[in-house]
Amino acid sequence: EAGVAQSPRYKIIEKRQSVAFWCNPISGHATLYWYQQILGQGPKLLIQFQNNGVVDDSQLPKDRFSAERLKGVDSTLKIQPAKLEDSAVYLCASSLDREARRLETQYFGPGTRLLVL
Amino acid sequence: GEDVEQSLFLSVREGDSSVINCTYTDSSSTYLYWYKQEPGAGLQLLTYIFSNMDMKQDQRLTVLLNKKDKHLSLRIADTQTGDSAIYFCAEGDMNTGFQKLVFGTGTRLLVSP
């Protein structure tokens with residue numbers, strides 16, 4: 001089966017610009033996650049969707065980050081305006097769990113590398 | 001909150017065994033995971049262990065869990081150059097009622113010929 005797809009793979013922008021990332025999860029996966037991975041650190045969860053509803057966005061900087069998952073399939077993550085400290089890899093993951101209440105395997109996409117100058 | 005710690009770097013020779021260690025804090029964790037990340041790639045699930053188990057073996061991989069000390073280790077037998085990557089330990093957190101993973105900082109494994 002096809003894996004989690006993300007685009008673009010790389011993005012370079014200047015601070016205060018806007019950027020958007022796209023994720024297409026594995027077909028049939030109900031739960032979708034966006035993680036931020038700063039260089040030298042482990043991934044940190046930004047937001048979790050169950051179908052098209054948000055179940056956890058406690059670590060999402062809501063003054064500049066937004067995310068949506070229309071129709072419970074694809075998702076976009078937007079940063080507006082970007083800061084230097086947003087330079088990181090943004091990873092999307094999905095899992096099958098239809099209730100997000102069980103620990104199920106998360107499958108990760110290749111990530112989008114963002115550099116903010 | 002939850003905290004997962006790992007040593008930053010491990011260097012071994014090809015053919016040797018590698019042992020990567022991890023400590024975690026959340027006593028309610030039910031699953032603990034090991035992920036591998038190669039340069040420019042996403043995370044690949046290697047194996048996981050349920051918290052009521054002490055050990056799990058999967059081909060060259062052996063996971064040991066000491067729940068009393070909250071210590072998890074990953075042993076890779078007959079390490080190959082293709083095993084060079086960053087290895088992340090993660091604990092499954094159900095405290096909010098929804099599943100999420102808390103990752104460690106990663107251990108960079110370098111395998112030399």
# chains A, B, ... in the order shown; residues from 1 in each chain; ligands from 1

$ interface_residues --of "chain B" --to "chain A" --cutoff "7 Å" --atoms "only C-alpha atoms" --output "ChimeraX atom specification"
/B:41-44,92,97-99,103-106

$ residues_around --residues "Glu5 in chain B" --least-positions-apart "3" --cutoff "10 Å" --atoms "only C-alpha atoms" --output "PDB file with all heavy atoms, in the first residue's frame"
ATOM      1  N   LEU B   8      23.220  10.396  23.291  1.00  0.00           N
ATOM      2  CA  LEU B   8      23.198  11.057  21.990  1.00  0.00           C
ATOM      3  C   LEU B   8      23.892  10.273  20.886  1.00  0.00           C
ATOM      4  O   LEU B   8      23.520  10.379  19.714  1.00  0.00           O
ATOM      5  CB  LEU B   8      23.853  12.435  22.100  1.00  0.00           C
ATOM      6  CG  LEU B   8      23.098  13.471  22.920  1.00  0.00           C
ATOM      7  CD1 LEU B   8      23.874  14.774  22.944  1.00  0.00           C
ATOM      8  CD2 LEU B   8      21.699  13.681  22.362  1.00  0.00           C
ATOM      9  N   ASN B  21      20.103   2.740  24.728  1.00  0.00           N
ATOM     10  CA  ASN B  21      19.334   2.815  25.966  1.00  0.00           C
ATOM     11  C   ASN B  21      18.399   4.016  26.005  1.00  0.00           C
ATOM     12  O   ASN B  21      18.649   5.047  25.365  1.00  0.00           O
ATOM     13  CB  ASN B  21      20.286   2.889  27.161  1.00  0.00           C
ATOM     14  CG  ASN B  21      21.103   1.630  27.311  1.00  0.00           C
ATOM     15  OD1 ASN B  21      20.558   0.549  27.462  1.00  0.00           O
ATOM     16  ND2 ASN B  21      22.419   1.762  27.253  1.00  0.00           N
ATOM     17  N   CYS B  22      17.366   3.875  26.812  1.00  0.00           N
ATOM     18  CA  CYS B  22      16.335   4.911  26.915  1.00  0.00           C
ATOM     19  C   CYS B  22      15.716   4.847  28.307  1.00  0.00           C
ATOM     20  O   CYS B  22      15.517   3.752  28.848  1.00  0.00           O
ATOM     21  CB  CYS B  22      15.275   4.635  25.840  1.00  0.00           C
ATOM     22  SG  CYS B  22      13.746   5.568  25.978  1.00  0.00           S
ATOM     23  N   THR B  23      15.441   5.992  28.888  1.00  0.00           N
ATOM     24  CA  THR B  23      14.686   6.034  30.136  1.00  0.00           C
ATOM     25  C   THR B  23      13.445   6.899  29.926  1.00  0.00           C
ATOM     26  O   THR B  23      13.472   7.863  29.162  1.00  0.00           O
ATOM     27  CB  THR B  23      15.509   6.608  31.299  1.00  0.00           C
ATOM     28  OG1 THR B  23      15.968   7.922  30.949  1.00  0.00           O
ATOM     29  CG2 THR B  23      16.698   5.729  31.605  1.00  0.00           C
ATOM     30  N   TYR B  24      12.359   6.536  30.593  1.00  0.00           N
ATOM     31  CA  TYR B  24      11.117   7.274  30.437  1.00  0.00           C
ATOM     32  C   TYR B  24      10.539   7.530  31.824  1.00  0.00           C
ATOM     33  O   TYR B  24      10.987   6.967  32.820  1.00  0.00           O
ATOM     34  CB  TYR B  24      10.132   6.491  29.553  1.00  0.00           C
ATOM     35  CG  TYR B  24       9.746   5.143  30.094  1.00  0.00           C
ATOM     36  CD1 TYR B  24       8.555   4.962  30.799  1.00  0.00           C
ATOM     37  CD2 TYR B  24      10.566   4.034  29.915  1.00  0.00           C
ATOM     38  CE1 TYR B  24       8.191   3.727  31.297  1.00  0.00           C
ATOM     39  CE2 TYR B  24      10.214   2.797  30.412  1.00  0.00           C
ATOM     40  CZ  TYR B  24       9.028   2.648  31.106  1.00  0.00           C
ATOM     41  OH  TYR B  24       8.674   1.415  31.608  1.00  0.00           O
ATOM     42  N   THR B  25       9.533   8.395  31.875  1.00  0.00           N
ATOM     43  CA  THR B  25       9.039   8.815  33.187  1.00  0.00           C
ATOM     44  C   THR B  25       7.608   8.390  33.476  1.00  0.00           C
ATOM     45  O   THR B  25       7.222   8.248  34.629  1.00  0.00           O
ATOM     46  CB  THR B  25       9.110  10.349  33.322  1.00  0.00           C
ATOM     47  OG1 THR B  25       8.353  10.941  32.253  1.00  0.00           O
ATOM     48  CG2 THR B  25      10.542  10.830  33.267  1.00  0.00           C
ATOM     49  N   HIS B  71      13.388   1.715  32.299  1.00  0.00           N
ATOM     50  CA  HIS B  71      14.522   1.646  31.390  1.00  0.00           C
ATOM     51  C   HIS B  71      14.203   0.689  30.256  1.00  0.00           C
ATOM     52  O   HIS B  71      13.744  -0.432  30.459  1.00  0.00           O
ATOM     53  CB  HIS B  71      15.765   1.164  32.153  1.00  0.00           C
ATOM     54  CG  HIS B  71      16.994   1.131  31.308  1.00  0.00           C
ATOM     55  ND1 HIS B  71      17.406  -0.002  30.638  1.00  0.00           N
ATOM     56  CD2 HIS B  71      17.888   2.093  31.000  1.00  0.00           C
ATOM     57  CE1 HIS B  71      18.510   0.266  29.966  1.00  0.00           C
ATOM     58  NE2 HIS B  71      18.831   1.521  30.175  1.00  0.00           N
ATOM     59  N   PHE B  88      15.093   6.443  17.709  1.00  0.00           N
ATOM     60  CA  PHE B  88      14.255   7.145  18.674  1.00  0.00           C
ATOM     61  C   PHE B  88      13.457   6.159  19.504  1.00  0.00           C
ATOM     62  O   PHE B  88      12.818   5.244  18.967  1.00  0.00           O
ATOM     63  CB  PHE B  88      13.270   8.088  17.972  1.00  0.00           C
ATOM     64  CG  PHE B  88      13.916   9.278  17.327  1.00  0.00           C
ATOM     65  CD1 PHE B  88      14.254   9.250  15.988  1.00  0.00           C
ATOM     66  CD2 PHE B  88      14.180  10.413  18.063  1.00  0.00           C
ATOM     67  CE1 PHE B  88      14.852  10.341  15.385  1.00  0.00           C
ATOM     68  CE2 PHE B  88      14.778  11.523  17.467  1.00  0.00           C
ATOM     69  CZ  PHE B  88      15.114  11.480  16.129  1.00  0.00           C
ATOM     70  N   CYS B  89      13.497   6.388  20.797  1.00  0.00           N
ATOM     71  CA  CYS B  89      12.625   5.703  21.730  1.00  0.00           C
ATOM     72  C   CYS B  89      11.380   6.572  21.889  1.00  0.00           C
ATOM     73  O   CYS B  89      11.480   7.808  21.888  1.00  0.00           O
ATOM     74  CB  CYS B  89      13.402   5.554  23.042  1.00  0.00           C
ATOM     75  SG  CYS B  89      12.462   5.105  24.474  1.00  0.00           S
ATOM     76  N   ALA B  90      10.205   5.969  22.025  1.00  0.00           N
ATOM     77  CA  ALA B  90       8.983   6.750  22.230  1.00  0.00           C
ATOM     78  C   ALA B  90       8.070   5.997  23.181  1.00  0.00           C
ATOM     79  O   ALA B  90       7.973   4.767  23.120  1.00  0.00           O
ATOM     80  CB  ALA B  90       8.274   7.012  20.905  1.00  0.00           C
ATOM     81  N   PHE B 103       8.508  11.364  22.165  1.00  0.00           N
ATOM     82  CA  PHE B 103       9.779  10.866  21.661  1.00  0.00           C
ATOM     83  C   PHE B 103      10.943  11.352  22.501  1.00  0.00           C
ATOM     84  O   PHE B 103      10.925  12.457  23.060  1.00  0.00           O
ATOM     85  CB  PHE B 103      10.013  11.343  20.223  1.00  0.00           C
ATOM     86  CG  PHE B 103       9.183  10.643  19.201  1.00  0.00           C
ATOM     87  CD1 PHE B 103       7.915  11.090  18.889  1.00  0.00           C
ATOM     88  CD2 PHE B 103       9.671   9.517  18.546  1.00  0.00           C
ATOM     89  CE1 PHE B 103       7.138  10.435  17.932  1.00  0.00           C
ATOM     90  CE2 PHE B 103       8.912   8.864  17.592  1.00  0.00           C
ATOM     91  CZ  PHE B 103       7.643   9.325  17.293  1.00  0.00           C
ATOM     92  N   GLY B 104      11.995  10.533  22.531  1.00  0.00           N
ATOM     93  CA  GLY B 104      13.268  10.958  23.074  1.00  0.00           C
ATOM     94  C   GLY B 104      14.018  11.793  22.052  1.00  0.00           C
ATOM     95  O   GLY B 104      13.532  12.038  20.947  1.00  0.00           O
ATOM     96  N   THR B 105      15.226  12.205  22.433  1.00  0.00           N
ATOM     97  CA  THR B 105      16.016  13.084  21.580  1.00  0.00           C
ATOM     98  C   THR B 105      16.737  12.323  20.476  1.00  0.00           C
ATOM     99  O   THR B 105      17.275  12.923  19.562  1.00  0.00           O
ATOM    100  CB  THR B 105      17.049  13.855  22.401  1.00  0.00           C
ATOM    101  OG1 THR B 105      17.790  12.912  23.180  1.00  0.00           O
ATOM    102  CG2 THR B 105      16.384  14.855  23.321  1.00  0.00           C
ATOM    103  N   GLY B 106      16.765  11.002  20.560  1.00  0.00           N
ATOM    104  CA  GLY B 106      17.395  10.209  19.520  1.00  0.00           C
ATOM    105  C   GLY B 106      18.843   9.863  19.829  1.00  0.00           C
ATOM    106  O   GLY B 106      19.570  10.667  20.425  1.00  0.00           O
ATOM    107  N   THR B 107      19.260   8.671  19.419  1.00  0.00           N
ATOM    108  CA  THR B 107      20.647   8.217  19.532  1.00  0.00           C
ATOM    109  C   THR B 107      21.187   7.984  18.133  1.00  0.00           C
ATOM    110  O   THR B 107      20.612   7.203  17.370  1.00  0.00           O
ATOM    111  CB  THR B 107      20.751   6.907  20.332  1.00  0.00           C
ATOM    112  OG1 THR B 107      20.250   7.116  21.642  1.00  0.00           O
ATOM    113  CG2 THR B 107      22.199   6.418  20.388  1.00  0.00           C
TER     114      THR B 107
END

$ closest_residue --among "A:Ser87, A:Leu114, A:Leu32, A:Ile79" --to "Val19 in chain A" --atoms "only C-alpha atoms"
A:Ile79

$ residues_around --residues "Lys67 in chain B" --least-positions-apart "2" --cutoff "8 Å" --atoms "only C-alpha atoms" --output "MDAnalysis selection string"
chainID B and resid 51 54 65 69:71

$ write_last_selection --atoms "C-alpha atoms" --output "PDB file, in the first residue's frame"
ATOM      1  CA  SER B  51       4.558  -2.707  29.253  1.00  0.00           C
ATOM      2  CA  ASP B  54      10.136  -7.964  29.851  1.00  0.00           C
ATOM      3  CA  LEU B  65      12.143  -3.501  29.428  1.00  0.00           C
ATOM      4  CA  ASP B  69      13.606   1.420  36.658  1.00  0.00           C
ATOM      5  CA  LYS B  70      11.657   2.753  33.633  1.00  0.00           C
ATOM      6  CA  HIS B  71      14.522   1.646  31.390  1.00  0.00           C
TER       7      HIS B  71
END

$ atom_distance --atom1 "CA of Gly40 in chain B" --atom2 "CA of Leu77 in chain A"
20.0 Å

$ atom_distance --atom1 "CA of Arg75 in chain B" --atom2 "CA of Arg60 in chain B"
7.9 Å

$ residues_around --residues "Asp83 in chain B" --least-positions-apart "4" --cutoff "8 Å" --atoms "only C-alpha atoms" --output "list of chain:residue names"
B:Thr79, B:Leu109, B:Leu110, B:Val111

$ closest_residue --among "B:Lys100, B:Ser84, B:Met94, B:Pro39" --to "Val12 in chain B" --atoms "only C-alpha atoms"
B:Ser84

$ closest_residue --among "B:Val63, B:Val4, B:Ile76, B:Leu46" --to "Val19 in chain B" --atoms "only C-alpha atoms"
B:Ile76

$ residues_around --residues "Ser27 in chain A" --least-positions-apart "2" --cutoff "12 Å" --atoms "only C-alpha atoms" --output "PDB file with all heavy atoms, in the first residue's frame"
ATOM      1  N   GLU A   1       0.853  -1.196   0.000  1.00  0.00           N
ATOM      2  CA  GLU A   1       0.000   0.000   0.000  1.00  0.00           C
ATOM      3  C   GLU A   1       0.877   1.230   0.000  1.00  0.00           C
ATOM      4  O   GLU A   1       2.015   1.194   0.469  1.00  0.00           O
ATOM      5  CB  GLU A   1      -0.924  -0.002   1.223  1.00  0.00           C
ATOM      6  CG  GLU A   1      -0.197   0.178   2.537  1.00  0.00           C
ATOM      7  CD  GLU A   1      -1.122   0.124   3.747  1.00  0.00           C
ATOM      8  OE1 GLU A   1      -2.335  -0.078   3.599  1.00  0.00           O
ATOM      9  OE2 GLU A   1      -0.610   0.280   4.846  1.00  0.00           O
ATOM     10  N   ALA A   2       0.353   2.329  -0.543  1.00  0.00           N
ATOM     11  CA  ALA A   2       1.105   3.569  -0.575  1.00  0.00           C
ATOM     12  C   ALA A   2       1.257   4.093   0.845  1.00  0.00           C
ATOM     13  O   ALA A   2       0.391   3.917   1.691  1.00  0.00           O
ATOM     14  CB  ALA A   2       0.368   4.586  -1.445  1.00  0.00           C
ATOM     15  N   GLY A   3       2.399   4.780   1.082  1.00  0.00           N
ATOM     16  CA  GLY A   3       2.655   5.332   2.400  1.00  0.00           C
ATOM     17  C   GLY A   3       2.080   6.718   2.542  1.00  0.00           C
ATOM     18  O   GLY A   3       1.312   7.198   1.700  1.00  0.00           O
ATOM     19  N   VAL A   4       2.488   7.399   3.602  1.00  0.00           N
ATOM     20  CA  VAL A   4       2.066   8.773   3.844  1.00  0.00           C
ATOM     21  C   VAL A   4       2.843   9.686   2.897  1.00  0.00           C
ATOM     22  O   VAL A   4       4.069   9.613   2.834  1.00  0.00           O
ATOM     23  CB  VAL A   4       2.328   9.180   5.304  1.00  0.00           C
ATOM     24  CG1 VAL A   4       1.963  10.636   5.527  1.00  0.00           C
ATOM     25  CG2 VAL A   4       1.563   8.255   6.257  1.00  0.00           C
ATOM     26  N   ALA A   5       2.115  10.521   2.170  1.00  0.00           N
ATOM     27  CA  ALA A   5       2.751  11.431   1.214  1.00  0.00           C
ATOM     28  C   ALA A   5       2.756  12.844   1.772  1.00  0.00           C
ATOM     29  O   ALA A   5       1.773  13.285   2.394  1.00  0.00           O
ATOM     30  CB  ALA A   5       2.005  11.400  -0.116  1.00  0.00           C
ATOM     31  N   CYS A  23      -0.318  17.039   3.443  1.00  0.00           N
ATOM     32  CA  CYS A  23      -0.136  15.642   3.808  1.00  0.00           C
ATOM     33  C   CYS A  23      -1.313  14.816   3.317  1.00  0.00           C
ATOM     34  O   CYS A  23      -2.482  15.213   3.487  1.00  0.00           O
ATOM     35  CB  CYS A  23      -0.026  15.509   5.329  1.00  0.00           C
ATOM     36  SG  CYS A  23      -0.002  13.799   5.941  1.00  0.00           S
ATOM     37  N   ASN A  24      -1.009  13.672   2.722  1.00  0.00           N
ATOM     38  CA  ASN A  24      -2.027  12.703   2.333  1.00  0.00           C
ATOM     39  C   ASN A  24      -1.752  11.410   3.097  1.00  0.00           C
ATOM     40  O   ASN A  24      -0.747  10.739   2.838  1.00  0.00           O
ATOM     41  CB  ASN A  24      -1.978  12.466   0.825  1.00  0.00           C
ATOM     42  CG  ASN A  24      -3.028  11.465   0.374  1.00  0.00           C
ATOM     43  OD1 ASN A  24      -2.722  10.483  -0.301  1.00  0.00           O
ATOM     44  ND2 ASN A  24      -4.265  11.708   0.736  1.00  0.00           N
ATOM     45  N   PRO A  25      -2.596  11.049   4.049  1.00  0.00           N
ATOM     46  CA  PRO A  25      -2.322   9.867   4.868  1.00  0.00           C
ATOM     47  C   PRO A  25      -2.588   8.576   4.110  1.00  0.00           C
ATOM     48  O   PRO A  25      -3.084   8.594   2.989  1.00  0.00           O
ATOM     49  CB  PRO A  25      -3.325  10.029   6.016  1.00  0.00           C
ATOM     50  CG  PRO A  25      -4.481  10.752   5.395  1.00  0.00           C
ATOM     51  CD  PRO A  25      -3.864  11.690   4.390  1.00  0.00           C
ATOM     52  N   HIS A  29      -6.893   5.518   6.987  1.00  0.00           N
ATOM     53  CA  HIS A  29      -6.418   5.886   8.318  1.00  0.00           C
ATOM     54  C   HIS A  29      -7.218   7.062   8.849  1.00  0.00           C
ATOM     55  O   HIS A  29      -7.300   8.116   8.228  1.00  0.00           O
ATOM     56  CB  HIS A  29      -4.929   6.219   8.275  1.00  0.00           C
ATOM     57  CG  HIS A  29      -4.054   5.024   8.303  1.00  0.00           C
ATOM     58  ND1 HIS A  29      -2.691   5.075   8.606  1.00  0.00           N
ATOM     59  CD2 HIS A  29      -4.321   3.717   8.087  1.00  0.00           C
ATOM     60  CE1 HIS A  29      -2.196   3.853   8.573  1.00  0.00           C
ATOM     61  NE2 HIS A  29      -3.149   3.018   8.249  1.00  0.00           N
ATOM     62  N   ALA A  30      -7.786   6.864  10.048  1.00  0.00           N
ATOM     63  CA  ALA A  30      -8.669   7.875  10.615  1.00  0.00           C
ATOM     64  C   ALA A  30      -7.906   8.972  11.351  1.00  0.00           C
ATOM     65  O   ALA A  30      -8.356  10.107  11.436  1.00  0.00           O
ATOM     66  CB  ALA A  30      -9.670   7.220  11.561  1.00  0.00           C
ATOM     67  N   THR A  31      -6.759   8.606  11.916  1.00  0.00           N
ATOM     68  CA  THR A  31      -6.035   9.560  12.755  1.00  0.00           C
ATOM     69  C   THR A  31      -4.830  10.117  12.011  1.00  0.00           C
ATOM     70  O   THR A  31      -4.081   9.375  11.381  1.00  0.00           O
ATOM     71  CB  THR A  31      -5.573   8.877  14.053  1.00  0.00           C
ATOM     72  OG1 THR A  31      -6.679   8.175  14.630  1.00  0.00           O
ATOM     73  CG2 THR A  31      -5.088   9.915  15.054  1.00  0.00           C
ATOM     74  N   LEU A  32      -4.650  11.426  12.081  1.00  0.00           N
ATOM     75  CA  LEU A  32      -3.547  12.107  11.403  1.00  0.00           C
ATOM     76  C   LEU A  32      -2.850  13.030  12.385  1.00  0.00           C
ATOM     77  O   LEU A  32      -3.498  13.690  13.206  1.00  0.00           O
ATOM     78  CB  LEU A  32      -4.081  12.898  10.209  1.00  0.00           C
ATOM     79  CG  LEU A  32      -3.056  13.587   9.295  1.00  0.00           C
ATOM     80  CD1 LEU A  32      -3.538  13.605   7.855  1.00  0.00           C
ATOM     81  CD2 LEU A  32      -2.726  14.984   9.764  1.00  0.00           C
ATOM     82  N   ASN A  51     -10.404  11.821  12.193  1.00  0.00           N
ATOM     83  CA  ASN A  51     -11.204  12.180  11.013  1.00  0.00           C
ATOM     84  C   ASN A  51     -10.977  13.669  10.741  1.00  0.00           C
ATOM     85  O   ASN A  51      -9.844  14.071  10.561  1.00  0.00           O
ATOM     86  CB  ASN A  51     -12.660  11.803  11.211  1.00  0.00           C
ATOM     87  CG  ASN A  51     -12.811  10.295  11.331  1.00  0.00           C
ATOM     88  OD1 ASN A  51     -12.323   9.542  10.487  1.00  0.00           O
ATOM     89  ND2 ASN A  51     -13.455   9.846  12.397  1.00  0.00           N
ATOM     90  N   GLY A  72     -11.757  14.776   6.280  1.00  0.00           N
ATOM     91  CA  GLY A  72     -11.150  13.686   7.015  1.00  0.00           C
ATOM     92  C   GLY A  72     -10.092  12.903   6.266  1.00  0.00           C
ATOM     93  O   GLY A  72      -9.786  11.767   6.640  1.00  0.00           O
ATOM     94  N   VAL A  73      -9.517  13.511   5.217  1.00  0.00           N
ATOM     95  CA  VAL A  73      -8.485  12.790   4.465  1.00  0.00           C
ATOM     96  C   VAL A  73      -7.201  13.614   4.483  1.00  0.00           C
ATOM     97  O   VAL A  73      -6.431  13.547   5.442  1.00  0.00           O
ATOM     98  CB  VAL A  73      -8.946  12.483   3.035  1.00  0.00           C
ATOM     99  CG1 VAL A  73      -7.876  11.710   2.271  1.00  0.00           C
ATOM    100  CG2 VAL A  73     -10.241  11.682   3.060  1.00  0.00           C
ATOM    101  N   ASP A  74      -6.977  14.436   3.433  1.00  0.00           N
ATOM    102  CA  ASP A  74      -5.773  15.258   3.353  1.00  0.00           C
ATOM    103  C   ASP A  74      -5.775  16.320   4.445  1.00  0.00           C
ATOM    104  O   ASP A  74      -6.825  16.718   4.963  1.00  0.00           O
ATOM    105  CB  ASP A  74      -5.697  15.968   1.997  1.00  0.00           C
ATOM    106  CG  ASP A  74      -5.502  14.999   0.861  1.00  0.00           C
ATOM    107  OD1 ASP A  74      -5.501  13.777   1.116  1.00  0.00           O
ATOM    108  OD2 ASP A  74      -5.362  15.460  -0.284  1.00  0.00           O
ATOM    109  N   SER A  94       0.127   8.961  10.191  1.00  0.00           N
ATOM    110  CA  SER A  94      -1.272   8.539  10.287  1.00  0.00           C
ATOM    111  C   SER A  94      -1.345   7.161  10.932  1.00  0.00           C
ATOM    112  O   SER A  94      -0.375   6.399  10.927  1.00  0.00           O
ATOM    113  CB  SER A  94      -1.939   8.522   8.905  1.00  0.00           C
ATOM    114  OG  SER A  94      -1.436   7.484   8.081  1.00  0.00           O
ATOM    115  N   SER A  95      -2.479   6.879  11.516  1.00  0.00           N
ATOM    116  CA  SER A  95      -2.723   5.556  12.089  1.00  0.00           C
ATOM    117  C   SER A  95      -4.170   5.174  11.843  1.00  0.00           C
ATOM    118  O   SER A  95      -5.024   6.015  11.612  1.00  0.00           O
ATOM    119  CB  SER A  95      -2.394   5.518  13.589  1.00  0.00           C
ATOM    120  OG  SER A  95      -3.267   6.356  14.319  1.00  0.00           O
ATOM    121  N   LEU A  96      -4.428   3.874  11.931  1.00  0.00           N
ATOM    122  CA  LEU A  96      -5.721   3.332  11.535  1.00  0.00           C
ATOM    123  C   LEU A  96      -6.819   3.621  12.548  1.00  0.00           C
ATOM    124  O   LEU A  96      -7.970   3.789  12.194  1.00  0.00           O
ATOM    125  CB  LEU A  96      -5.588   1.817  11.336  1.00  0.00           C
ATOM    126  CG  LEU A  96      -6.823   1.060  10.847  1.00  0.00           C
ATOM    127  CD1 LEU A  96      -7.237   1.574   9.470  1.00  0.00           C
ATOM    128  CD2 LEU A  96      -6.528  -0.426  10.790  1.00  0.00           C
ATOM    129  N   TYR A 107       2.410   5.614  11.131  1.00  0.00           N
ATOM    130  CA  TYR A 107       3.241   5.543   9.939  1.00  0.00           C
ATOM    131  C   TYR A 107       3.580   6.973   9.516  1.00  0.00           C
ATOM    132  O   TYR A 107       2.678   7.800   9.371  1.00  0.00           O
ATOM    133  CB  TYR A 107       2.520   4.801   8.818  1.00  0.00           C
ATOM    134  CG  TYR A 107       2.235   3.362   9.158  1.00  0.00           C
ATOM    135  CD1 TYR A 107       1.063   2.994   9.826  1.00  0.00           C
ATOM    136  CD2 TYR A 107       3.149   2.356   8.841  1.00  0.00           C
ATOM    137  CE1 TYR A 107       0.807   1.672  10.169  1.00  0.00           C
ATOM    138  CE2 TYR A 107       2.898   1.035   9.172  1.00  0.00           C
ATOM    139  CZ  TYR A 107       1.731   0.707   9.838  1.00  0.00           C
ATOM    140  OH  TYR A 107       1.493  -0.601  10.173  1.00  0.00           O
TER     141      TYR A 107
END

$ atom_distance --atom1 "CA of Ala85 in chain B" --atom2 "CA of Ser7 in chain A"
23.2 Å

$ residues_around --residues "Pro81 in chain A" --least-positions-apart "3" --cutoff "10 Å" --atoms "only C-alpha atoms" --output "VMD selection string"
chain A and resid 14 to 19 63 to 65 78 86

$ write_last_selection --atoms "all heavy atoms" --output "compact mmCIF listing (two decimals), in the first residue's frame"
# COMPACT_ATOMS: atom_id res chain seq x y z
N GLU A 14 11.68 33.49 3.70
CA GLU A 14 12.21 34.51 4.59
C GLU A 14 11.26 34.70 5.76
O GLU A 14 10.06 34.41 5.65
CB GLU A 14 12.40 35.82 3.83
CG GLU A 14 13.47 35.72 2.75
CD GLU A 14 13.75 37.05 2.08
OE1 GLU A 14 12.97 37.99 2.27
OE2 GLU A 14 14.76 37.13 1.36
N LYS A 15 11.82 35.16 6.87
CA LYS A 15 10.96 35.36 8.05
C LYS A 15 9.85 36.34 7.70
O LYS A 15 10.01 37.22 6.85
CB LYS A 15 11.78 35.86 9.23
CG LYS A 15 12.50 37.16 9.03
CD LYS A 15 13.32 37.51 10.26
CE LYS A 15 14.05 38.83 10.03
NZ LYS A 15 14.94 39.15 11.18
N ARG A 16 8.74 36.15 8.34
CA ARG A 16 7.49 36.90 8.17
C ARG A 16 6.70 36.48 6.93
O ARG A 16 5.58 36.94 6.75
CB ARG A 16 7.73 38.42 8.15
CG ARG A 16 8.16 38.98 9.50
CD ARG A 16 8.21 40.49 9.47
NE ARG A 16 9.35 40.97 8.69
CZ ARG A 16 10.58 41.13 9.17
NH1 ARG A 16 10.84 40.85 10.43
NH2 ARG A 16 11.56 41.58 8.41
N GLN A 17 7.27 35.58 6.11
CA GLN A 17 6.48 35.04 5.00
C GLN A 17 5.57 33.93 5.50
O GLN A 17 5.68 33.47 6.64
CB GLN A 17 7.40 34.51 3.90
CG GLN A 17 8.07 35.60 3.08
CD GLN A 17 8.82 35.05 1.88
OE1 GLN A 17 9.49 34.02 1.98
NE2 GLN A 17 8.73 35.75 0.75
N SER A 18 4.69 33.49 4.62
CA SER A 18 3.77 32.40 4.94
C SER A 18 4.20 31.14 4.18
O SER A 18 4.82 31.21 3.12
CB SER A 18 2.34 32.76 4.51
OG SER A 18 1.92 33.92 5.17
N VAL A 19 3.82 29.99 4.74
CA VAL A 19 4.14 28.72 4.08
C VAL A 19 3.07 27.71 4.45
O VAL A 19 2.45 27.79 5.52
CB VAL A 19 5.55 28.23 4.51
CG1 VAL A 19 5.61 27.89 5.99
CG2 VAL A 19 6.00 27.05 3.67
N ASP A 63 -0.97 31.31 17.53
CA ASP A 63 -0.90 32.67 17.01
C ASP A 63 -0.33 32.70 15.59
O ASP A 63 -0.56 33.67 14.84
CB ASP A 63 -0.05 33.55 17.93
CG ASP A 63 1.36 33.00 18.12
OD1 ASP A 63 1.55 31.77 17.97
OD2 ASP A 63 2.28 33.80 18.41
N ARG A 64 0.37 31.63 15.19
CA ARG A 64 0.98 31.64 13.87
C ARG A 64 0.76 30.35 13.08
O ARG A 64 0.90 30.34 11.87
CB ARG A 64 2.48 31.89 14.00
CG ARG A 64 2.82 33.24 14.58
CD ARG A 64 4.32 33.49 14.62
NE ARG A 64 5.03 32.48 15.40
CZ ARG A 64 5.77 31.52 14.88
NH1 ARG A 64 5.89 31.42 13.57
NH2 ARG A 64 6.38 30.65 15.66
N PHE A 65 0.44 29.27 13.77
CA PHE A 65 0.24 27.97 13.12
C PHE A 65 -1.25 27.66 13.04
O PHE A 65 -2.00 27.93 13.98
CB PHE A 65 0.92 26.85 13.91
CG PHE A 65 2.43 26.81 13.80
CD1 PHE A 65 3.21 27.84 14.29
CD2 PHE A 65 3.06 25.71 13.23
CE1 PHE A 65 4.60 27.79 14.20
CE2 PHE A 65 4.44 25.65 13.15
CZ PHE A 65 5.21 26.69 13.63
N LYS A 78 -0.26 25.30 8.12
CA LYS A 78 0.18 26.61 7.65
C LYS A 78 0.89 27.36 8.77
O LYS A 78 0.52 27.26 9.95
CB LYS A 78 -1.02 27.43 7.18
CG LYS A 78 -1.74 26.83 5.99
CD LYS A 78 -2.93 27.69 5.59
CE LYS A 78 -3.67 27.06 4.41
NZ LYS A 78 -4.88 27.83 4.03
N ASP A 86 11.16 28.56 13.49
CA ASP A 86 10.29 27.57 12.88
C ASP A 86 11.06 26.65 11.93
O ASP A 86 10.47 25.69 11.40
CB ASP A 86 9.15 28.25 12.10
CG ASP A 86 8.25 29.09 13.00
OD1 ASP A 86 8.14 28.75 14.20
OD2 ASP A 86 7.69 30.08 12.51
